[in-house]
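Source file: coords_13.pdb (PDB, C-alpha atoms)
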ATOM      1  CA  MET A   1      11.232   8.274  -5.148
ATOM      2  CA  ALA A   2      12.396   4.726  -5.892
ATOM      3  CA  HIS A   3       8.963   3.380  -4.929
ATOM      4  CA  GLU A   4       7.278   5.920  -7.224
ATOM      5  CA  ASP A   5       9.494   4.741 -10.089
ATOM      6  CA  THR A   6       7.934   1.284  -9.849
ATOM      7  CA  ILE A   7       4.413   2.719  -9.906
ATOM      8  CA  VAL A   8       4.786   4.976 -12.959
ATOM      9  CA  SER A   9       7.314   5.270 -15.733
ATOM     10  CA  GLY A  10       7.957   6.971 -19.035
ATOM     11  CA  MET A  11       7.248  10.527 -20.045
ATOM     12  CA  SER A  12       3.761  10.618 -18.522
ATOM     13  CA  GLY A  13       5.141   9.218 -15.264
ATOM     14  CA  ARG A  14       7.793  11.937 -15.042
ATOM     15  CA  TYR A  15       5.201  14.679 -15.506
ATOM     16  CA  ALA A  16       2.872  13.027 -12.978
ATOM     17  CA  GLN A  17       5.689  12.659 -10.432
ATOM     18  CA  ALA A  18       6.631  16.329 -10.755
ATOM     19  CA  LEU A  19       3.020  17.449 -10.292
ATOM     20  CA  PHE A  20       2.455  15.045  -7.403
ATOM     21  CA  ALA A  21       5.586  16.288  -5.607
ATOM     22  CA  LEU A  22       4.424  19.900  -6.030
ATOM     23  CA  ALA A  23       0.904  19.034  -4.873
ATOM     24  CA  GLN A  24       2.246  17.294  -1.767
ATOM     25  CA  GLU A  25       4.435  20.289  -0.929
ATOM     26  CA  THR A  26       1.421  22.589  -1.114
ATOM     27  CA  ASN A  27      -0.964  20.133   0.612
ATOM     28  CA  SER A  28      -3.202  20.138  -2.458
ATOM     29  CA  ALA A  29      -2.804  16.550  -3.724
ATOM     30  CA  ASP A  30      -6.503  15.709  -3.312
ATOM     31  CA  LYS A  31      -7.699  18.937  -4.954
ATOM     32  CA  VAL A  32      -5.316  18.428  -7.880
ATOM     33  CA  ALA A  33      -6.563  14.839  -8.296
ATOM     34  CA  GLN A  34     -10.161  16.046  -8.222
ATOM     35  CA  ASP A  35      -9.467  18.722 -10.865
ATOM     36  CA  LEU A  36      -7.487  16.367 -13.106
ATOM     37  CA  ASN A  37     -10.216  13.738 -12.937
ATOM     38  CA  LEU A  38     -12.821  16.384 -13.752
ATOM     39  CA  PHE A  39     -10.774  17.321 -16.825
ATOM     40  CA  ALA A  40     -10.382  13.645 -17.853
ATOM     41  CA  SER A  41     -14.140  13.196 -17.495
ATOM     42  CA  ALA A  42     -14.747  16.251 -19.684
ATOM     43  CA  ILE A  43     -12.462  14.785 -22.366
ATOM     44  CA  ALA A  44     -14.359  11.492 -22.246
ATOM     45  CA  GLN A  45     -17.695  13.294 -22.655
ATOM     46  CA  SER A  46     -16.768  15.734 -25.430
ATOM     47  CA  ALA A  47     -15.681  14.715 -28.913
ATOM     48  CA  ASP A  48     -14.515  18.298 -29.562
ATOM     49  CA  LEU A  49     -12.319  18.351 -26.452
ATOM     50  CA  GLU A  50     -10.986  14.911 -27.393
ATOM     51  CA  LYS A  51      -9.973  16.308 -30.817
ATOM     52  CA  LEU A  52      -8.370  19.350 -29.203
ATOM     53  CA  VAL A  53      -6.302  17.153 -26.897
ATOM     54  CA  ARG A  54      -5.218  14.711 -29.599
ATOM     55  CA  SER A  55      -4.669  17.087 -32.526
ATOM     56  CA  PRO A  56      -1.012  17.511 -33.495
ATOM     57  CA  VAL A  57      -1.834  20.212 -36.069
ATOM     58  CA  LEU A  58      -3.387  22.839 -33.797
ATOM     59  CA  SER A  59      -1.013  25.544 -32.660
ATOM     60  CA  ILE A  60      -0.174  25.967 -28.996
ATOM     61  CA  ALA A  61      -1.939  29.342 -29.025
ATOM     62  CA  VAL A  62      -5.163  27.813 -30.381
ATOM     63  CA  GLN A  63      -5.027  24.943 -27.883
ATOM     64  CA  LEU A  64      -4.363  27.302 -24.961
ATOM     65  CA  LYS A  65      -7.197  29.639 -25.932
ATOM     66  CA  ALA A  66      -9.665  26.752 -26.124
ATOM     67  CA  LEU A  67      -8.313  25.171 -22.943
ATOM     68  CA  ASP A  68      -8.593  28.426 -21.018
ATOM     69  CA  ALA A  69     -12.306  28.474 -21.828
ATOM     70  CA  VAL A  70     -12.719  24.816 -20.815
ATOM     71  CA  LEU A  71     -10.723  25.206 -17.601
ATOM     72  CA  SER A  72     -12.667  28.326 -16.690
ATOM     73  CA  HIS A  73     -15.982  26.558 -17.339
ATOM     74  CA  LEU A  74     -14.897  23.592 -15.182
ATOM     75  CA  ALA A  75     -13.478  25.939 -12.496
ATOM     76  CA  ILE A  76     -10.085  24.218 -12.693
ATOM     77  CA  ILE A  77      -7.557  26.662 -11.272
ATOM     78  CA  GLY A  78      -4.307  26.456  -9.373
ATOM     79  CA  ALA A  79      -1.820  23.644  -9.820
ATOM     80  CA  ALA A  80      -4.014  21.438 -12.030
ATOM     81  CA  GLY A  81      -4.867  24.281 -14.419
ATOM     82  CA  ASN A  82      -1.254  25.437 -14.558
ATOM     83  CA  PHE A  83      -0.137  21.855 -15.172
ATOM     84  CA  ILE A  84      -2.522  21.411 -18.104
ATOM     85  CA  ARG A  85      -1.275  24.698 -19.605
ATOM     86  CA  LEU A  86       2.372  23.639 -19.099
ATOM     87  CA  VAL A  87       1.724  20.292 -20.774
ATOM     88  CA  THR A  88       0.125  22.160 -23.680
ATOM     89  CA  ASN A  89       3.101  24.531 -23.985
ATOM     90  CA  LYS A  90       5.436  21.508 -24.071
ATOM     91  CA  ARG A  91       3.334  19.934 -26.888
ATOM     92  CA  ARG A  92       2.482  16.961 -24.651
ATOM     93  CA  LEU A  93      -1.271  17.512 -24.341
ATOM     94  CA  PHE A  94      -1.857  14.301 -26.320
ATOM     95  CA  ALA A  95      -0.574  12.364 -23.267
ATOM     96  CA  ILE A  96      -2.625  14.187 -20.610
ATOM     97  CA  ARG A  97      -4.846  11.185 -19.881
ATOM     98  CA  ASP A  98      -1.781   9.001 -19.242
ATOM     99  CA  MET A  99      -0.397  11.710 -16.963
ATOM    100  CA  ILE A 100      -3.690  11.855 -15.054
ATOM    101  CA  ARG A 101      -3.732   8.065 -14.746
ATOM    102  CA  ASP A 102      -0.158   8.100 -13.404
ATOM    103  CA  TYR A 103      -0.963  10.938 -10.984
ATOM    104  CA  ASN A 104      -3.874   8.884  -9.645
ATOM    105  CA  LYS A 105      -1.587   5.881  -9.184
ATOM    106  CA  LEU A 106       0.841   7.984  -7.157
ATOM    107  CA  SER A 107      -1.979   9.474  -5.109
ATOM    108  CA  ASP A 108      -3.498   6.055  -4.437
ATOM    109  CA  ALA A 109      -0.141   4.617  -3.387
ATOM    110  CA  ALA A 110       0.441   7.508  -0.984
ATOM    111  CA  LYS A 111      -2.975   6.878   0.595
ATOM    112  CA  GLY A 112      -2.643   3.087   0.602
ATOM    113  CA  VAL A 113      -5.630   2.708  -1.727
ATOM    114  CA  THR A 114      -5.998   0.061  -4.420
ATOM    115  CA  ARG A 115      -8.470   0.477  -7.262
ATOM    116  CA  ALA A 116     -10.585  -2.347  -8.631
ATOM    117  CA  GLU A 117     -12.742  -2.422 -11.726
ATOM    118  CA  VAL A 118     -15.646  -4.839 -11.518
ATOM    119  CA  THR A 119     -17.951  -5.765 -14.376
ATOM    120  CA  ALA A 120     -21.266  -7.340 -13.395
ATOM    121  CA  ALA A 121     -24.284  -8.422 -15.430
ATOM    122  CA  SER A 122     -26.629  -6.445 -13.169
ATOM    123  CA  ASP A 123     -26.513  -4.041 -10.235
ATOM    124  CA  LEU A 124     -24.846  -5.320  -7.101
ATOM    125  CA  GLY A 125     -26.774  -4.887  -3.857
ATOM    126  CA  ASP A 126     -25.192  -3.100  -0.905
ATOM    127  CA  ALA A 127     -24.450  -6.383   0.879
ATOM    128  CA  GLN A 128     -22.853  -7.882  -2.250
ATOM    129  CA  LEU A 129     -20.752  -4.770  -2.835
ATOM    130  CA  GLN A 130     -19.547  -4.711   0.787
ATOM    131  CA  ALA A 131     -18.661  -8.426   0.642
ATOM    132  CA  LEU A 132     -16.784  -7.848  -2.609
ATOM    133  CA  LYS A 133     -14.891  -4.877  -1.146
ATOM    134  CA  GLU A 134     -13.924  -6.932   1.904
ATOM    135  CA  ALA A 135     -12.713  -9.847  -0.249
ATOM    136  CA  LEU A 136     -10.678  -7.479  -2.429
ATOM    137  CA  ARG A 137      -9.261  -5.763   0.657
ATOM    138  CA  GLN A 138      -8.020  -9.122   1.935
ATOM    139  CA  ILE A 139      -6.566 -10.051  -1.460
ATOM    140  CA  SER A 140      -4.782  -6.693  -1.712
ATOM    141  CA  GLY A 141      -3.038  -7.206   1.604
ATOM    142  CA  GLY A 142      -5.348  -5.127   3.769
ATOM    143  CA  LYS A 143      -5.314  -1.977   1.631
ATOM    144  CA  SER A 144      -8.425   0.100   1.225
ATOM    145  CA  VAL A 145     -10.074  -0.779  -2.099
ATOM    146  CA  ASP A 146     -11.960   1.720  -4.246
ATOM    147  CA  VAL A 147     -14.349  -0.314  -6.429
ATOM    148  CA  ALA A 148     -15.757   1.010  -9.704
ATOM    149  CA  VAL A 149     -18.652  -1.162 -10.911
ATOM    150  CA  LYS A 150     -19.608  -1.309 -14.570
ATOM    151  CA  ILE A 151     -22.797  -3.061 -15.673
ATOM    152  CA  ASP A 152     -22.582  -5.216 -18.821
ATOM    153  CA  PRO A 153     -25.565  -7.555 -19.320
ATOM    154  CA  SER A 154     -23.698  -9.357 -22.121
ATOM    155  CA  ILE A 155     -21.572 -11.242 -19.564
ATOM    156  CA  ILE A 156     -24.817 -13.020 -18.554
ATOM    157  CA  GLY A 157     -23.757 -13.544 -14.929
ATOM    158  CA  GLY A 158     -20.749 -13.775 -12.654
ATOM    159  CA  LEU A 159     -18.120 -11.057 -12.356
ATOM    160  CA  ILE A 160     -15.025  -9.793 -14.100
ATOM    161  CA  VAL A 161     -12.649  -8.260 -11.562
ATOM    162  CA  LYS A 162      -9.524  -6.263 -12.355
ATOM    163  CA  LEU A 163      -7.412  -5.450  -9.295
ATOM    164  CA  GLY A 164      -4.208  -3.661 -10.201
ATOM    165  CA  SER A 165      -2.567  -5.755 -12.920
ATOM    166  CA  ARG A 166      -4.506  -8.911 -11.985
ATOM    167  CA  MET A 167      -7.732  -9.876 -13.712
ATOM    168  CA  VAL A 168     -10.147 -12.678 -12.914
ATOM    169  CA  ASP A 169     -12.896 -13.410 -15.419
ATOM    170  CA  GLY A 170     -15.629 -15.416 -13.741
ATOM    171  CA  SER A 171     -18.339 -14.430 -16.195
ATOM    172  CA  ILE A 172     -20.781 -16.995 -17.509
ATOM    173  CA  LYS A 173     -20.152 -15.703 -21.039
ATOM    174  CA  THR A 174     -16.455 -16.613 -20.805
ATOM    175  CA  LYS A 175     -17.251 -20.016 -19.306
ATOM    176  CA  LEU A 176     -19.736 -20.750 -22.102
ATOM    177  CA  ASN A 177     -17.203 -19.697 -24.736
ATOM    178  CA  SER A 178     -14.627 -21.991 -23.129
ATOM    179  CA  ILE A 179     -17.048 -24.924 -23.201
ATOM    180  CA  ARG A 180     -17.929 -24.148 -26.819
ATOM    181  CA  SER A 181     -14.223 -24.153 -27.761
ATOM    182  CA  ARG A 182     -13.633 -27.500 -26.033
ATOM    183  CA  MET A 183     -16.674 -29.014 -27.749
ATOM    184  CA  LYS A 184     -15.346 -27.907 -31.155
ATOM    185  CA  GLU A 185     -11.999 -29.554 -30.407
ATOM    186  CA  VAL A 186     -13.717 -32.849 -29.507
ATOM    187  CA  GLY A 187     -16.295 -32.797 -32.329
TER     188      GLY A 187
END
Any chance you could put this one into structure tokens?
Amino acid sequence: MAHEDTIVSGMSGRYAQALFALAQETNSADKVAQDLNLFASAIAQSADLEKLVRSPVLSIAVQLKALDAVLSHLAIIGAAGNFIRLVTNKRRLFAIRDMIRDYNKLSDAAKGVTRAEVTAASDLGDAQLQALKEALRQISGGKSVDVAVKIDPSIIGGLIVKLGSRMVDGSIKTKLNSIRSRMKEVG
């Protein structure tokens, strides 16, 4: 438990730890993660669901009725569905995304997986992606690295890599902005 305390903290961390412990006991940690991430994705894709989650004025009964329909539609049952209902009953639904993030951190730590977010100007080829994964695996101390690639043409070229709490910005856009700033200081 001491190691988990360093991974997550606060109210969302306590909820995530409780759910993760239950999921481990019932050998359902991966299924719970899958269901929670499905719910988080649904929130991100629906302005109405986002309002439902964030609204402090809706009653618990109204939130639960709407959530039951959403959970049924997404086929989220078992521990994840019960957890979302519990969080709603405790008036903590506004923090569900933080709880899901913390649950994922606990799950990743238990599996020895590190997550990386990479921003590239264009699609990476298979060889480039494999080389990047290998480099990140070495940097992370040999852990398996799950890489999520986001395409942003505005960075012009290079990469922006976020691995855990570390971030390296090797984008051409940032380098050009740095040169522009130095030129203004000189001129």
Kindly resolve the PyMOL selection byres ((chain A and resi 22-28) around 12) on the present coordinates and return the residues as a PyMOL selection string. chain A and resi 15-21+29-35+77-80+82-83+103+106-107+110-111
Would you mind exporting the chosen residues as a PDB file, in the coordinates of the input, restricted to C-alpha atoms?
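Saved result, again35.pdb, follows:
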ATOM      1  CA  TYR A  15       5.201  14.679 -15.506  1.00  0.00           C
ATOM      2  CA  ALA A  16       2.872  13.027 -12.978  1.00  0.00           C
ATOM      3  CA  GLN A  17       5.689  12.659 -10.432  1.00  0.00           C
ATOM      4  CA  ALA A  18       6.631  16.329 -10.755  1.00  0.00           C
ATOM      5  CA  LEU A  19       3.020  17.449 -10.292  1.00  0.00           C
ATOM      6  CA  PHE A  20       2.455  15.045  -7.403  1.00  0.00           C
ATOM      7  CA  ALA A  21       5.586  16.288  -5.607  1.00  0.00           C
ATOM      8  CA  ALA A  29      -2.804  16.550  -3.724  1.00  0.00           C
ATOM      9  CA  ASP A  30      -6.503  15.709  -3.312  1.00  0.00           C
ATOM     10  CA  LYS A  31      -7.699  18.937  -4.954  1.00  0.00           C
ATOM     11  CA  VAL A  32      -5.316  18.428  -7.880  1.00  0.00           C
ATOM     12  CA  ALA A  33      -6.563  14.839  -8.296  1.00  0.00           C
ATOM     13  CA  GLN A  34     -10.161  16.046  -8.222  1.00  0.00           C
ATOM     14  CA  ASP A  35      -9.467  18.722 -10.865  1.00  0.00           C
ATOM     15  CA  ILE A  77      -7.557  26.662 -11.272  1.00  0.00           C
ATOM     16  CA  GLY A  78      -4.307  26.456  -9.373  1.00  0.00           C
ATOM     17  CA  ALA A  79      -1.820  23.644  -9.820  1.00  0.00           C
ATOM     18  CA  ALA A  80      -4.014  21.438 -12.030  1.00  0.00           C
ATOM     19  CA  ASN A  82      -1.254  25.437 -14.558  1.00  0.00           C
ATOM     20  CA  PHE A  83      -0.137  21.855 -15.172  1.00  0.00           C
ATOM     21  CA  TYR A 103      -0.963  10.938 -10.984  1.00  0.00           C
ATOM     22  CA  LEU A 106       0.841   7.984  -7.157  1.00  0.00           C
ATOM     23  CA  SER A 107      -1.979   9.474  -5.109  1.00  0.00           C
ATOM     24  CA  ALA A 110       0.441   7.508  -0.984  1.00  0.00           C
ATOM     25  CA  LYS A 111      -2.975   6.878   0.595  1.00  0.00           C
TER      26      LYS A 111
END
Centre and edges of the region 32-37 of chain A box, axis-aligned, 4 Å extra per side, as JSON:
{"center_x": -7.8, "center_y": 16.2, "center_z": -10.5, "size_x": 12.9, "size_y": 13.0, "size_z": 13.2}
Hey, could you make a per-residue contact list for region 92-183 of chain A against region 62-75 of chain A with 12 Å as the cut-off, showing the nearest pair of atoms and its distance in Å to one decimal, counting all atoms listed in the file, sorted by chain and number, as JSON lines?
{"residue": "A:Arg92", "atom": "CA", "partner": "A:Gln63", "partner_atom": "CA", "distance": 11.4}
{"residue": "A:Leu93", "atom": "CA", "partner": "A:Gln63", "partner_atom": "CA", "distance": 9.0}
{"residue": "A:Phe94", "atom": "CA", "partner": "A:Gln63", "partner_atom": "CA", "distance": 11.2}
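Between Lys105 (chain A) and the residues A:Glu117, A:Ile172, A:Gly164, A:Lys90, the shortest atom-to-atom distance, using all atoms listed in the file, involves A:Gly164.
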Give the answer as one residue: which of A:Asp108, A:Val118, A:Asn37, A:Asp102 has the shortest atom-to-atom distance to Arg166 (chain A), using all atoms listed in the file?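 Selected residue with least distance to Arg166 (chain A): A:Val118.
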